[in-house]
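Trainee: Here it is, the structure, as structure tokens.
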Amino acid sequence: MSSEGHSVQQAAWKRLKQNKGAVFGLIVIACAVLTAVFAYFIAPDPSPDANRIILEIGGEKPGHKQQFIRVKKDKAVNRTGFFTQLVSGKEDPYLYMPIQSWQQQGDSFIVQHFIDEGLTERKAFHISQLAVTPISTSTFWLGSDKFGRDILSRLIVGTRVSLSVGLITVIISLSIGLILGSLAGYYRGRTDNIIMWFINVIWSIPTLLLVFAITLALGKGFWQVFIAVGLTMWVNVARLVRGQVLGIRELEYMEATRALGFSDVRSIVRHIWPNIMGPVMVIAASNFASAIVIEAGLSFLGVGVQQPQPSWGLMIKENYNFIITQNPMLALAPGFAIMILVLAFNMLGNGLRDALNVRGRI
């Protein structure tokens, strides 16, 4: 890359750093990425999908503390390696039984098994049935859902879904949008008319209805919702790219590439795309934020990510009835998480727009 290209990038980066909103967005996004990568090491519940179900303590308020006696499972649980835990968590080797009180008598533990408010059951365990440290205390900082799962842990692991759907959506939308938009703008004429007709047809269909149709065709699930959202968000990119290419193809350096006999593919990829990446990056940040909201909406409606995998939209669906009862934080916590992450991407997009001087070009 030429020194002029480096200086342009450095100037853009300097302007971006001076934008407090964009810096805030970058910090939030960086924290979210780190949280998503190391979710199972950060979460208080490192079990796969943070799905440790303890029905006796369902619907507890934030800050609830609970004592547990850890009882060995009937089957042996293999030790989980670092990379396995990084990707999918580690299976609990013990059953967590909530207790109200306990005492040790010789080689036995006598506990009062907590069943419900004011209701306990006396149980005895031999020390060989228990963990090396049999009694533990856990704090549910954001409370527990109706199944007794830790809301904070599911919120942390759910970050993966939101960032993944945004990333895959941006990759799919950029791939389709760049190709179709470039073909329409570069070749014009009949090619432009056909592609623009197709874009206008897709544009006329409400996004949510189109996502529903694709989701129903592909089926419910983790990857299906990503593809469905991605296939509906390329239209903005294609329209933007087409407009940019229409302007750039008439410039002198593009005439020089044609005079030198460069292929159309080389002209588009090597000489047009690098010069339109500014506006494309801005719209990619916007699409990232939109994808997070759409995925949350789909999961809330039951056609997105399915149980037991944690999704912020699914968590709101499961707990929204608590808003008007005793524990609104169960639904508000994932709602705040969605709001903060979407705000971060929108602020970063605005900062990129200003830093790359593309305000009047999109």
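Starting from 1 in every chain, residues are counted up; chains themselves are A, B, ... following the order of the structure tokens, and ligands are numbered from 1 as listed.
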Please produce, as a tab-separated table, a per-residue contact table for range 157-249 of chain A versus range 29-45 of chain A (criterion: any atom at most 10 Å away, only C-alpha atoms considered), showing the nearest atom pair and its distance in Å to one decimal, sorted by chain then residue number.

Mentor:
residue	atom	partner	partner_atom	distance
A:Val157	CA	A:Ala39	CA	5.4
A:Gly158	CA	A:Ala36	CA	7.9
A:Thr159	CA	A:Ala36	CA	5.4
A:Arg160	CA	A:Ala36	CA	4.8
A:Val161	CA	A:Ala36	CA	8.5
A:Ser162	CA	A:Ala36	CA	9.3
A:Leu163	CA	A:Val33	CA	7.5
A:Ser164	CA	A:Ala36	CA	9.2

Trainee: Within 12 Å of Ile338 in chain A, counting only C-alpha atoms, which residues qualify if same-chain residues fewer than 5 places away don't, as a PyMOL selection string?

Mentor: chain A and resi 28-29+32+155-156+158-159+161-163+289-297+311-316+331-333+343-345

Trainee: Could you pull out the helix (DSSP H, G or I) residues of range 23-240 of chain A, going by DSSP on the backbone, and write them as an MDAnalysis selection string?

Mentor: chainID A and resid 23:37 39:42 48:50 55:57 82:88 127:129 151:187 189:204 207:218 222:230 234:240

Trainee: Counting only C-alpha atoms, figure out which residue out of A:Gly63, A:Gly349, A:Gly148, A:Gly143 gets nearest to Val280 in chain A.

Mentor: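 Closest to Val280 in chain A of all the choices is A:Gly349.
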
Trainee: Using only C-alpha atoms for the distances, tell me which of A:Leu119, A:Ile53, A:Leu167, A:Ala12 is nearest to Tyr96 in chain A.

Mentor: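 Closest to Tyr96 in chain A, using only C-alpha atoms: A:Ile53.
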